[in-house]
file model_1.cif (mmCIF, C-alpha atoms and all ligand atoms)
data_input
#
loop_
_atom_site.label_atom_id
_atom_site.label_comp_id
_atom_site.auth_asym_id
_atom_site.auth_seq_id
_atom_site.Cartn_x
_atom_site.Cartn_y
_atom_site.Cartn_z
CA MET H 1 65.95 116.77 118.34
CA ASP H 2 64.19 113.63 119.57
CA LYS H 3 67.31 111.53 120.15
CA LYS H 4 69.11 112.47 123.29
CA VAL H 5 72.08 111.50 125.36
CA THR H 6 72.40 112.43 129.00
CA LEU H 7 75.89 112.44 130.43
CA LYS H 8 76.86 111.19 133.87
CA LYS H 9 77.23 113.90 136.48
CA SER H 10 80.91 113.12 136.76
CA ALA H 11 81.52 113.38 133.03
CA ARG H 12 84.09 115.99 132.20
CA LEU H 13 81.83 117.32 129.50
CA SER H 14 78.67 117.71 131.52
CA GLY H 15 78.27 121.41 130.97
CA ARG H 16 81.34 122.33 128.94
CA CYS H 17 82.61 121.14 125.63
CA ASP H 18 86.32 121.69 125.40
CA HIS H 19 86.89 118.30 123.78
CA PRO H 20 84.67 116.75 121.09
CA TRP H 21 84.95 113.14 122.27
CA ILE H 22 82.47 111.54 124.64
CA TYR H 23 83.37 108.04 125.78
CA ARG H 24 80.90 105.24 126.39
CA SER H 25 81.71 105.36 130.11
CA GLN H 26 80.59 109.01 130.29
CA ILE H 27 77.05 108.29 129.11
CA GLU H 28 74.27 107.87 131.66
CA LYS H 29 71.17 107.55 129.50
CA LEU H 30 70.08 107.32 125.89
CA SER H 31 66.60 108.27 124.81
CA GLY H 32 64.83 108.00 121.45
CA ASP H 33 66.74 104.83 120.46
CA PRO H 34 69.52 106.37 118.40
CA LEU H 35 70.96 104.19 115.63
CA PRO H 36 74.65 104.05 114.68
CA GLY H 37 75.55 107.35 113.02
CA ASP H 38 72.45 109.26 114.20
CA LEU H 39 72.66 112.84 115.36
CA VAL H 40 71.93 113.26 119.06
CA GLY H 41 71.37 116.18 121.39
CA ILE H 42 73.81 116.02 124.30
CA PHE H 43 72.80 117.10 127.80
CA GLY H 44 74.85 117.46 130.95
CA LYS H 45 74.03 118.48 134.50
CA ARG H 46 73.73 122.12 133.48
CA GLY H 47 71.54 121.38 130.48
CA PHE H 48 72.33 121.47 126.76
CA VAL H 49 75.96 120.69 125.86
CA GLY H 50 75.85 120.31 122.09
CA VAL H 51 74.96 118.23 119.06
CA GLY H 52 77.01 115.27 117.97
CA TYR H 53 76.82 111.94 116.23
CA TYR H 54 76.53 108.59 117.93
CA ASN H 55 78.11 105.20 117.27
CA PRO H 56 77.78 102.54 119.97
CA ARG H 57 80.49 100.41 118.29
CA SER H 58 83.17 102.88 119.20
CA GLU H 59 84.63 103.60 122.66
CA ILE H 60 84.39 107.22 121.53
CA THR H 61 80.64 106.86 121.35
CA ILE H 62 79.81 110.46 120.51
CA ARG H 63 81.74 113.06 118.57
CA LEU H 64 80.59 116.61 119.05
CA LEU H 65 79.84 118.71 115.97
CA SER H 66 78.46 121.86 117.52
CA ALA H 67 78.22 123.37 120.99
CA ALA H 68 75.22 125.42 119.87
CA PRO H 69 71.74 124.08 119.12
CA THR H 70 72.33 124.39 115.36
CA ALA H 71 70.82 122.45 112.47
CA ILE H 72 73.46 120.10 111.08
CA ASP H 73 72.84 120.72 107.39
CA LYS H 74 74.59 121.92 104.26
CA GLU H 75 74.76 125.51 105.54
CA PHE H 76 76.39 124.34 108.77
CA PHE H 77 79.08 122.47 106.81
CA LYS H 78 79.58 125.39 104.43
CA ARG H 79 80.37 127.69 107.34
CA LYS H 80 82.89 125.25 108.78
CA ILE H 81 84.54 124.57 105.42
CA GLN H 82 84.76 128.27 104.58
CA LYS H 83 86.47 128.98 107.87
CA ALA H 84 88.97 126.15 107.36
CA VAL H 85 89.76 127.30 103.82
CA ARG H 86 90.23 130.95 104.86
CA TYR H 87 92.79 129.85 107.43
CA ARG H 88 94.73 127.79 104.82
CA GLU H 89 94.85 130.81 102.51
CA LEU H 90 96.89 132.55 105.22
CA ALA H 91 98.82 129.61 106.62
CA VAL H 92 99.90 127.61 103.58
CA LYS H 93 102.79 128.82 101.45
CA GLU H 94 104.89 127.63 98.51
CA THR H 95 102.63 124.78 97.47
CA ASN H 96 99.42 123.75 95.75
CA ALA H 97 98.97 120.72 97.99
CA CYS H 98 97.77 120.93 101.57
CA ARG H 99 95.24 119.68 104.09
CA LEU H 100 92.10 121.82 103.82
CA ILE H 101 90.00 120.06 106.46
CA ALA H 102 91.70 118.30 109.34
CA SER H 103 88.91 116.46 111.13
CA GLU H 104 88.61 117.42 114.83
CA ALA H 105 91.12 120.26 114.41
CA ASP H 106 88.63 121.98 112.08
CA GLY H 107 85.53 121.08 114.06
CA LEU H 108 84.56 118.30 111.64
CA PRO H 109 85.41 115.03 113.40
CA GLY H 110 85.85 112.16 110.97
CA PHE H 111 86.24 114.27 107.82
CA ILE H 112 89.46 115.03 105.98
CA VAL H 113 90.04 116.91 102.74
CA ASP H 114 93.45 117.23 101.12
CA ARG H 115 94.06 119.39 98.08
CA TYR H 116 96.43 118.09 95.40
CA GLY H 117 96.37 120.84 92.79
CA GLU H 118 92.92 120.73 91.28
CA VAL H 119 91.95 117.45 92.90
CA LEU H 120 90.41 117.13 96.34
CA VAL H 121 91.00 113.84 98.13
CA VAL H 122 88.39 113.19 100.82
CA GLN H 123 88.14 110.73 103.69
CA PHE H 124 84.99 109.89 105.62
CA LEU H 125 86.35 108.13 108.67
CA THR H 126 83.40 107.58 111.01
CA MET H 127 79.87 106.22 110.80
CA GLY H 128 78.46 109.62 111.74
CA MET H 129 80.31 111.40 108.94
CA GLU H 130 79.44 108.67 106.47
CA ARG H 131 75.77 109.23 107.23
CA LEU H 132 76.24 112.99 106.76
CA ARG H 133 77.99 112.49 103.41
CA PRO H 134 75.30 114.15 101.21
CA PRO H 135 75.22 117.60 102.89
CA VAL H 136 78.99 117.48 103.53
CA LEU H 137 79.81 116.83 99.87
CA GLU H 138 77.31 119.39 98.64
CA ALA H 139 78.82 122.01 100.92
CA LEU H 140 82.35 121.09 99.82
CA LYS H 141 81.45 121.41 96.13
CA GLU H 142 79.87 124.81 96.66
CA VAL H 143 82.75 126.25 98.66
CA ILE H 144 85.89 124.89 96.96
CA PRO H 145 86.65 124.96 93.22
CA PHE H 146 88.01 121.62 91.88
CA LYS H 147 88.37 119.47 88.79
CA GLY H 148 87.94 116.16 90.57
CA ILE H 149 87.10 114.64 93.94
CA TYR H 150 88.70 111.31 94.84
CA GLU H 151 87.71 109.29 97.88
CA ARG H 152 90.32 107.50 100.02
CA SER H 153 88.12 106.17 102.81
CA ASP H 154 90.27 103.10 103.35
CA THR H 155 91.67 103.55 106.85
CA ALA H 156 91.73 101.20 109.81
CA LEU H 157 89.43 103.53 111.74
CA ARG H 158 86.61 102.88 109.27
CA SER H 159 86.51 99.17 109.95
CA LYS H 160 86.47 99.86 113.70
CA GLU H 161 83.45 102.06 113.09
CA GLY H 162 81.71 99.23 111.22
CA LEU H 163 82.26 100.65 107.74
CA GLU H 164 83.65 99.13 104.54
CA ALA H 165 86.62 100.67 102.76
CA LYS H 166 85.72 102.97 99.84
CA LYS H 167 88.04 104.21 97.11
CA GLY H 168 87.45 105.95 93.81
CA TRP H 169 86.38 109.08 91.95
CA ILE H 170 83.29 110.85 93.26
CA GLU H 171 83.49 113.70 90.73
CA PRO H 172 85.03 113.62 87.20
CA MET H 173 88.83 114.17 86.73
CA ARG H 174 89.79 110.51 86.07
CA GLY H 175 93.42 109.40 85.90
CA GLU H 176 95.87 107.84 88.31
CA GLU H 177 98.18 110.67 89.08
CA THR H 178 98.69 114.40 89.27
CA ILE H 179 101.79 116.51 89.77
CA ILE H 180 102.05 119.00 92.60
CA GLN H 181 104.59 121.63 93.60
CA GLU H 182 106.28 121.99 96.98
CA GLY H 183 108.79 124.84 96.90
CA ASN H 184 111.22 123.95 94.11
CA ILE H 185 110.29 120.27 94.15
CA ARG H 186 107.56 118.56 92.19
CA TYR H 187 105.99 115.26 93.23
CA GLY H 188 103.79 112.85 91.31
CA VAL H 189 100.86 111.99 93.55
CA ARG H 190 99.08 108.65 93.05
CA PHE H 191 95.47 108.84 94.13
CA GLU H 192 94.75 105.16 94.47
CA ALA H 193 98.14 103.71 95.30
CA GLY H 194 99.80 106.35 97.48
CA GLN H 195 100.00 106.01 101.26
CA LYS H 196 97.54 108.11 103.30
CA THR H 197 95.79 110.39 100.78
CA GLY H 198 98.88 110.49 98.55
CA LEU H 199 101.56 112.43 100.39
CA TYR H 200 102.69 113.11 103.96
CA LEU H 201 101.53 116.71 103.85
CA ASP H 202 102.18 117.17 107.55
CA GLN H 203 105.96 117.18 106.92
CA ARG H 204 105.85 119.83 104.17
CA GLU H 205 107.13 122.78 106.21
CA ASN H 206 109.99 120.69 107.59
CA ARG H 207 110.96 119.46 104.11
CA LEU H 208 110.92 123.05 102.83
CA GLU H 209 112.94 124.31 105.77
CA PHE H 210 115.56 121.55 105.48
CA GLY H 211 115.94 122.39 101.78
CA LYS H 212 116.84 125.97 102.68
CA TRP H 213 118.80 125.38 105.85
CA GLY H 214 122.22 125.08 104.25
CA PHE H 215 122.99 121.42 104.92
CA LYS H 216 125.98 120.07 103.03
CA GLY H 217 127.55 116.72 102.28
CA GLU H 218 126.11 113.25 102.73
CA VAL H 219 122.51 112.91 103.84
CA LEU H 220 120.48 109.86 104.85
CA ASP H 221 116.71 110.12 104.53
CA ALA H 222 115.53 107.09 106.45
CA PHE H 223 111.85 106.31 105.87
CA CYS H 224 111.92 108.48 102.74
CA TYR H 225 108.51 107.45 101.29
CA GLU H 226 108.40 108.94 97.76
CA GLY H 227 111.51 111.06 98.13
CA GLY H 228 110.37 113.78 100.56
CA PHE H 229 113.38 115.16 102.39
CA ALA H 230 115.97 113.54 100.10
CA LEU H 231 114.76 115.42 97.02
CA HIS H 232 114.77 118.82 98.71
CA LEU H 233 118.24 118.19 100.14
CA ALA H 234 119.65 116.88 96.85
CA LEU H 235 118.34 119.93 95.00
CA ALA H 236 120.07 122.06 97.63
CA GLY H 237 123.41 120.43 96.82
CA CYS H 238 123.65 117.46 99.22
CA ARG H 239 124.27 113.86 98.18
CA ALA H 240 121.21 112.05 99.43
CA LEU H 241 120.41 108.41 100.11
CA GLY H 242 116.73 107.65 100.68
CA ILE H 243 115.59 104.32 102.11
CA ASP H 244 112.04 103.01 102.50
CA SER H 245 110.62 99.55 103.02
CA SER H 246 107.94 100.09 100.38
CA GLU H 247 109.26 99.15 96.93
CA GLU H 248 106.38 101.03 95.36
CA ALA H 249 107.29 104.19 97.25
CA VAL H 250 110.93 103.85 96.20
CA LYS H 251 109.90 103.48 92.56
CA GLN H 252 107.84 106.63 92.81
CA ALA H 253 110.76 108.39 94.55
CA GLU H 254 112.95 107.55 91.55
CA LYS H 255 110.32 108.93 89.20
CA ASN H 256 110.13 112.07 91.30
CA ARG H 257 113.92 112.46 91.08
CA GLU H 258 113.69 112.33 87.28
CA LEU H 259 110.76 114.72 87.29
CA ASN H 260 112.95 117.24 89.10
CA GLY H 261 115.98 116.74 86.85
CA ILE H 262 118.16 115.60 89.77
CA ALA H 263 121.08 113.36 88.77
CA GLU H 264 121.26 109.83 90.11
CA GLU H 265 124.69 110.55 91.60
CA ALA H 266 123.10 113.22 93.79
CA CYS H 267 120.19 111.16 95.02
CA VAL H 268 119.92 107.40 95.34
CA PHE H 269 116.84 105.53 96.54
CA LYS H 270 116.83 102.05 97.94
CA ALA H 271 114.18 99.64 99.18
CA GLY H 272 115.03 98.16 102.56
CA ASN H 273 114.20 97.79 106.21
CA ILE H 274 115.83 100.63 108.14
CA PHE H 275 116.66 98.43 111.10
CA ASP H 276 118.76 96.18 108.81
CA GLU H 277 120.11 98.99 106.66
CA LEU H 278 121.41 100.98 109.62
CA ARG H 279 123.25 97.90 110.88
CA ARG H 280 124.68 97.21 107.44
CA MET H 281 125.93 100.77 107.04
CA GLU H 282 127.47 100.64 110.50
CA ARG H 283 129.44 97.54 109.46
CA GLU H 284 130.50 99.28 106.28
CA ALA H 285 131.54 102.36 108.31
CA LYS H 286 129.39 104.71 106.24
CA ARG H 287 129.28 108.28 107.54
CA PHE H 288 126.71 111.05 107.08
CA ASP H 289 126.50 114.77 107.77
CA LEU H 290 122.74 114.61 108.36
CA VAL H 291 120.35 111.76 109.12
CA VAL H 292 116.58 112.32 108.96
CA LEU H 293 114.51 109.76 110.88
CA ASP H 294 110.81 109.98 110.12
CA PRO H 295 109.41 106.58 111.10
CA PRO H 296 105.76 105.55 110.82
CA SER H 297 103.72 105.58 113.99
CA PHE H 298 105.19 102.60 115.88
CA VAL H 299 102.63 103.19 118.64
CA LYS H 300 98.95 102.98 117.86
CA SER H 301 97.96 102.55 121.49
CA LYS H 302 99.33 103.29 124.94
CA GLU H 303 99.88 99.57 125.52
CA ALA H 304 102.35 99.33 122.65
CA LEU H 305 104.46 102.16 124.03
CA GLU H 306 107.29 100.23 125.61
CA GLY H 307 108.12 98.17 122.54
CA ALA H 308 107.91 101.24 120.37
CA LEU H 309 110.31 103.22 122.54
CA LYS H 310 112.87 100.44 122.12
CA GLY H 311 112.41 100.78 118.36
CA TYR H 312 112.91 104.55 118.49
CA LYS H 313 115.98 104.19 120.67
CA GLU H 314 117.52 101.65 118.35
CA ILE H 315 117.18 103.76 115.21
CA ILE H 316 118.29 106.93 116.97
CA LEU H 317 121.32 105.24 118.50
CA ARG H 318 122.39 103.61 115.25
CA SER H 319 121.90 106.84 113.33
CA MET H 320 124.10 108.70 115.80
CA LYS H 321 126.84 106.13 115.19
CA LEU H 322 126.61 106.84 111.47
CA LEU H 323 127.19 110.57 111.87
CA LYS H 324 130.56 112.17 111.20
CA GLN H 325 132.47 113.60 114.16
CA GLU H 326 130.02 116.48 114.06
CA GLY H 327 126.72 116.09 112.32
CA PHE H 328 122.99 116.67 112.44
CA LEU H 329 120.17 114.34 113.34
CA ALA H 330 116.49 115.08 112.76
CA VAL H 331 114.20 112.76 114.65
CA PHE H 332 110.43 112.76 114.41
CA SER H 333 107.56 110.95 116.08
CA CYS H 334 104.11 111.04 114.48
CA SER H 335 102.61 109.08 117.33
CA TYR H 336 100.50 111.03 119.80
CA HIS H 337 101.63 108.67 122.55
CA VAL H 338 105.31 109.48 122.05
CA ASP H 339 105.27 113.14 123.01
CA ASP H 340 108.08 115.72 123.08
CA ASN H 341 109.27 114.63 126.50
CA LEU H 342 109.44 110.95 125.65
CA LEU H 343 111.14 111.61 122.33
CA MET H 344 113.71 113.79 124.08
CA GLN H 345 114.28 111.17 126.78
CA VAL H 346 114.86 108.45 124.20
CA SER H 347 117.22 110.71 122.26
CA GLN H 348 119.17 111.54 125.42
CA SER H 349 119.36 107.94 126.43
CA ALA H 350 120.67 106.94 123.00
CA ALA H 351 123.18 109.81 123.04
CA TRP H 352 124.41 108.73 126.47
CA ASP H 353 124.95 105.16 125.32
CA VAL H 354 127.07 106.21 122.34
CA ARG H 355 128.81 109.05 124.20
CA LYS H 356 127.41 111.87 122.11
CA ARG H 357 126.37 115.38 123.06
CA LEU H 358 123.25 116.97 121.69
CA ARG H 359 122.26 120.54 120.98
CA VAL H 360 118.73 121.34 119.87
CA VAL H 361 118.89 123.39 116.67
CA ARG H 362 115.15 123.39 116.02
CA PHE H 363 111.97 122.19 117.70
CA LEU H 364 109.86 120.79 114.87
CA LYS H 365 106.17 120.06 114.47
CA GLN H 366 103.47 119.29 111.93
CA SER H 367 102.74 121.91 109.24
CA ALA H 368 100.26 124.69 109.98
CA ASP H 369 97.54 123.19 107.77
CA HIS H 370 97.29 120.42 110.39
CA PRO H 371 96.22 122.81 113.16
CA ILE H 372 96.90 122.07 116.80
CA ASP H 373 93.98 122.75 119.13
CA PRO H 374 95.33 122.82 122.69
CA PHE H 375 91.89 121.80 123.97
CA ILE H 376 92.21 118.62 121.87
CA PRO H 377 95.69 117.31 122.69
CA GLU H 378 95.37 114.50 120.12
CA THR H 379 95.57 117.12 117.34
CA TYR H 380 99.26 117.61 118.21
CA TYR H 381 100.80 114.40 116.95
CA LEU H 382 103.88 115.13 114.85
CA LYS H 383 106.84 116.48 116.75
CA GLY H 384 110.58 116.37 116.26
CA PHE H 385 113.99 117.77 117.02
CA LEU H 386 116.84 118.79 114.82
CA PHE H 387 119.95 118.02 116.86
CA TRP H 388 123.52 119.04 116.34
CA VAL H 389 125.42 115.97 117.46
CA GLY H 390 129.05 115.69 118.47
CA SER H 391 131.22 113.36 120.49
CA ILE H 392 131.00 114.00 124.19
CA ASP H 393 134.07 116.27 124.33
CA SER H 394 133.81 117.84 120.88
CA LEU H 395 130.96 120.32 121.23
N1 LIG H 401 109.47 111.34 105.37
C1 LIG H 401 108.41 110.94 104.47
C2 LIG H 401 107.26 110.27 105.18
C3 LIG H 401 107.63 109.00 105.90
S1 LIG H 401 106.26 108.06 106.43
C4 LIG H 401 107.94 112.17 103.70
O1 LIG H 401 108.32 113.29 104.04
O2 LIG H 401 107.19 112.01 102.75
C5 LIG H 401 107.00 106.59 106.97
C6 LIG H 401 107.55 105.70 105.88
O3 LIG H 401 108.23 104.62 106.53
C7 LIG H 401 106.54 105.05 104.95
O4 LIG H 401 106.84 105.43 103.63
C8 LIG H 401 106.75 103.52 105.13
O5 LIG H 401 106.69 102.82 103.90
C9 LIG H 401 108.15 103.47 105.70
N2 LIG H 401 108.50 102.34 106.58
C10 LIG H 401 107.77 101.71 107.52
N3 LIG H 401 108.50 100.80 108.19
C11 LIG H 401 109.75 100.84 107.67
C12 LIG H 401 110.97 100.14 107.93
N4 LIG H 401 111.05 99.22 108.90
N5 LIG H 401 112.07 100.44 107.20
C13 LIG H 401 112.00 101.39 106.23
N6 LIG H 401 110.88 102.08 105.95
C14 LIG H 401 109.76 101.82 106.65
#

call {"tool": "encode", "arguments": {"input": "model_1.cif", "output": "structure tokens", "more": "lines below"}}
Ligand code: SAH
result
Amino acid sequence: MDKKVTLKKSARLSGRCDHPWIYRSQIEKLSGDPLPGDLVGIFGKRGFVGVGYYNPRSEITIRLLSAAPTAIDKEFFKRKIQKAVRYRELAVKETNACRLIASEADGLPGFIVDRYGEVLVVQFLTMGMERLRPPVLEALKEVIPFKGIYERSDTALRSKEGLEAKKGWIEPMRGEETIIQEGNIRYGVRFEAGQKTGLYLDQRENRLEFGKWGFKGEVLDAFCYEGGFALHLALAGCRALGIDSSEEAVKQAEKNRELNGIAEEACVFKAGNIFDELRRMEREAKRFDLVVLDPPSFVKSKEALEGALKGYKEIILRSMKLLKQEGFLAVFSCSYHVDDNLLMQVSQSAAWDVRKRLRVVRFLKQSADHPIDPFIPETYYLKGFLFWVGSIDSL
């Protein structure tokens, strides 16, 4: 390989490769004039470190693809994809929709593939992966059977990498929507209009578990997207209220309710801002047996942390006030920067303010098809707690 990067002696990676990101500040020398997206050989003080792709526009200037001196070609991608798919065959249950390739967590930084029945939805997130598109797509088509491949490369990361958004069918199966199964619930998935690649697949195991847990009574699914938790809980016999700020998502949630033959009395969806809705329900003295709080990532960067924690505390505190004398609260954070400890601290602080006691019923995390690689802490991003909540002297 004629394009080379030499790392500074101090660089954490100069001789090991336990994390695939190399920051601009870790680079000592470039040789061979690499262009954005080019493959480069990476060298540290003990010699060869690996092969990765380069983009000077990004603080994460190199992402490692292989720690061996391998050719980065169709065969390379086939091996990686096969491995990722074999793992999903073991790890994914009760559904025909899951994440097949999870970027760094599957050794393919910048590439995501989600399966929705017979459709694969792909995302090329970085300049390096965009440049590798031909062998990547060929490998994908050879390894995984499909009826259609849809591209949803329309994330914020792409513009940071200097790429335009791309959306549309790459391989036949036209149409706007497909229907997938998740346990006893079916969802319509909209390829073009859905958030992310269509569904929040990372919450699947939690939705399935909540549906079987035995919850009863009144349930609030705050941030419900297209019905997620509310539908599973309503089918299990609860009376669910789902709220989301996206009117489109709420419309789809209603369609999903009909699709599953759930009566409107058992499951109501409403468009609204949770911060306002929680206040309104407090004034109206509404009470719930379970509140599920699954907010979007309030924190995209470390700098935004303080404001975000205030937001978390506010929704947790107000939700606790809406619980019956004894009730359950599920609280999630999908932001890497709000880790288990911070989420617990905010929950405790909210509980203290409203004189509630907490018991942890379950420690929750992202589904197994979004693997967590302990060497890459960023791969662990969705965490949560299911609390049993009571007044300070009642538990
Ligand atoms: N629990 C869902 C996923 C939720 S993702 C599931 O299992 O599918 C977060 C959702 O919060 C998105 O649907 C987004 O539209 C919604 N959202 C963002 N800000 C909001 C706000 N202030 N009030 C209500 N919903 C909000």

call {"tool": "residues_around", "arguments": {"input": "model_1.cif", "residues": "stretch 307-322 of chain H", "least_positions_apart": "6", "cutoff": "9 Å", "atoms": "only C-alpha atoms", "output": "NGL selection string"}}
result
:H and (274-275 or 278-279 or 281-282 or 285-289 or 291-293 or 295 or 297-299 or 328-329 or 331 or 333 or 338 or 342-343 or 346-347 or 349-351 or 353-354 or 356 or 389-390)

call {"tool": "closest_residue", "arguments": {"input": "model_1.cif", "among": "H:Cys224, H:Val85, H:Ala91, H:Val5", "to": "ligand LIG 401 (chain H)", "atoms": "all atoms listed in the file"}}
result
H:Cys224

call {"tool": "residues_near_ligand", "arguments": {"input": "model_1.cif", "ligand": "ligand LIG 401 (chain H)", "cutoff": "8 Å", "atoms": "all atoms listed in the file", "output": "VMD selection string"}}
result
chain H and resid 195 199 to 201 203 to 204 207 221 to 229 243 to 246 249 271 to 275 293 to 297

call {"tool": "residues_near_point", "arguments": {"input": "model_1.cif", "point": "(96.3, 97.9, 116.1)", "cutoff": "12 Å", "atoms": "all atoms listed in the file", "output": "PyMOL selection string"}}
result
chain H and resi 155-157+159-160+297-304

call {"tool": "write_last_selection", "arguments": {"input": "model_1.cif", "atoms": "C-alpha atoms", "output": "short mmCIF file (atom, residue, chain, number, x, y, z; two decimals), in the frame of the given file"}}
result
data_model
loop_
_atom_site.label_atom_id
_atom_site.label_comp_id
_atom_site.auth_asym_id
_atom_site.auth_seq_id
_atom_site.Cartn_x
_atom_site.Cartn_y
_atom_site.Cartn_z
CA THR H 155 91.67 103.55 106.85
CA ALA H 156 91.73 101.20 109.81
CA LEU H 157 89.43 103.53 111.74
CA SER H 159 86.51 99.17 109.95
CA LYS H 160 86.47 99.86 113.70
CA SER H 297 103.72 105.58 113.99
CA PHE H 298 105.19 102.60 115.88
CA VAL H 299 102.63 103.19 118.64
CA LYS H 300 98.95 102.98 117.86
CA SER H 301 97.96 102.55 121.49
CA LYS H 302 99.33 103.29 124.94
CA GLU H 303 99.88 99.57 125.52
CA ALA H 304 102.35 99.33 122.65
#

call {"tool": "atom_distance", "arguments": {"input": "model_1.cif", "atom1": "atom CA of H:Val49", "atom2": "atom CA of H:Glu378"}}
result
21.2 Å

call {"tool": "residues_around", "arguments": {"input": "model_1.cif", "residues": "H:Trp169", "least_positions_apart": "3", "cutoff": "7 Å", "atoms": "all atoms listed in the file", "output": "list in words"}}
result
Ile149, Tyr150, Glu151, Pro172 and Arg174 of chain H

call {"tool": "closest_residue", "arguments": {"input": "model_1.cif", "among": "H:Lys45, H:Arg115, H:Lys365, H:Lys147", "to": "H:Gly175", "atoms": "only C-alpha atoms"}}
result
H:Lys147

call {"tool": "residues_around", "arguments": {"input": "model_1.cif", "residues": "H:Lys212", "least_positions_apart": "3", "cutoff": "9 Å", "atoms": "all atoms listed in the file", "output": "ChimeraX atom specification"}}
result
/H:207-209,215,232-233,236

call {"tool": "residues_around", "arguments": {"input": "model_1.cif", "residues": "H:Val122", "least_positions_apart": "4", "cutoff": "12 Å", "atoms": "only C-alpha atoms", "output": "PyMOL selection string"}}
result
chain H and resi 99-103+110-116+129-130+133+136-137+140-141+148-155+166-171+191+196-198

call {"tool": "atom_distance", "arguments": {"input": "model_1.cif", "atom1": "atom CA of H:Met344", "atom2": "atom CA of H:Ala230"}}
result
24.1 Å

call {"tool": "atom_distance", "arguments": {"input": "model_1.cif", "atom1": "atom CA of H:Tyr381", "atom2": "atom CA of H:Gly107"}}
result
16.9 Å

call {"tool": "closest_residue", "arguments": {"input": "model_1.cif", "among": "H:Ser391, H:Asn341, H:Thr178, H:Ser335", "to": "H:Arg357", "atoms": "all atoms listed in the file"}}
result
H:Ser391

call {"tool": "residues_around", "arguments": {"input": "model_1.cif", "residues": "H:Glu205", "least_positions_apart": "4", "cutoff": "10 Å", "atoms": "all atoms listed in the file", "output": "ChimeraX atom specification"}}
result
/H:92-94,182-183,201,209-211,364-369

call {"tool": "closest_residue", "arguments": {"input": "model_1.cif", "among": "H:Val51, H:Leu35, H:Cys98, H:Ala84", "to": "H:Ala68", "atoms": "all atoms listed in the file"}}
result
H:Val51

call {"tool": "residues_near_point", "arguments": {"input": "model_1.cif", "point": "(107.0, 107.7, 89.0)", "cutoff": "10 Å", "atoms": "all atoms listed in the file", "output": "NGL selection string"}}
result
:H and (177 or 187-190 or 226 or 248-259)

call {"tool": "write_last_selection", "arguments": {"input": "model_1.cif", "atoms": "C-alpha atoms", "output": "PDB file, in the coordinates of the input"}}
result
ATOM      1  CA  GLU H 177      98.180 110.670  89.080  1.00  0.00           C
ATOM      2  CA  TYR H 187     105.990 115.260  93.230  1.00  0.00           C
ATOM      3  CA  GLY H 188     103.790 112.850  91.310  1.00  0.00           C
ATOM      4  CA  VAL H 189     100.860 111.990  93.550  1.00  0.00           C
ATOM      5  CA  ARG H 190      99.080 108.650  93.050  1.00  0.00           C
ATOM      6  CA  GLU H 226     108.400 108.940  97.760  1.00  0.00           C
ATOM      7  CA  GLU H 248     106.380 101.030  95.360  1.00  0.00           C
ATOM      8  CA  ALA H 249     107.290 104.190  97.250  1.00  0.00           C
ATOM      9  CA  VAL H 250     110.930 103.850  96.200  1.00  0.00           C
ATOM     10  CA  LYS H 251     109.900 103.480  92.560  1.00  0.00           C
ATOM     11  CA  GLN H 252     107.840 106.630  92.810  1.00  0.00           C
ATOM     12  CA  ALA H 253     110.760 108.390  94.550  1.00  0.00           C
ATOM     13  CA  GLU H 254     112.950 107.550  91.550  1.00  0.00           C
ATOM     14  CA  LYS H 255     110.320 108.930  89.200  1.00  0.00           C
ATOM     15  CA  ASN H 256     110.130 112.070  91.300  1.00  0.00           C
ATOM     16  CA  ARG H 257     113.920 112.460  91.080  1.00  0.00           C
ATOM     17  CA  GLU H 258     113.690 112.330  87.280  1.00  0.00           C
ATOM     18  CA  LEU H 259     110.760 114.720  87.290  1.00  0.00           C
TER      19      LEU H 259
END
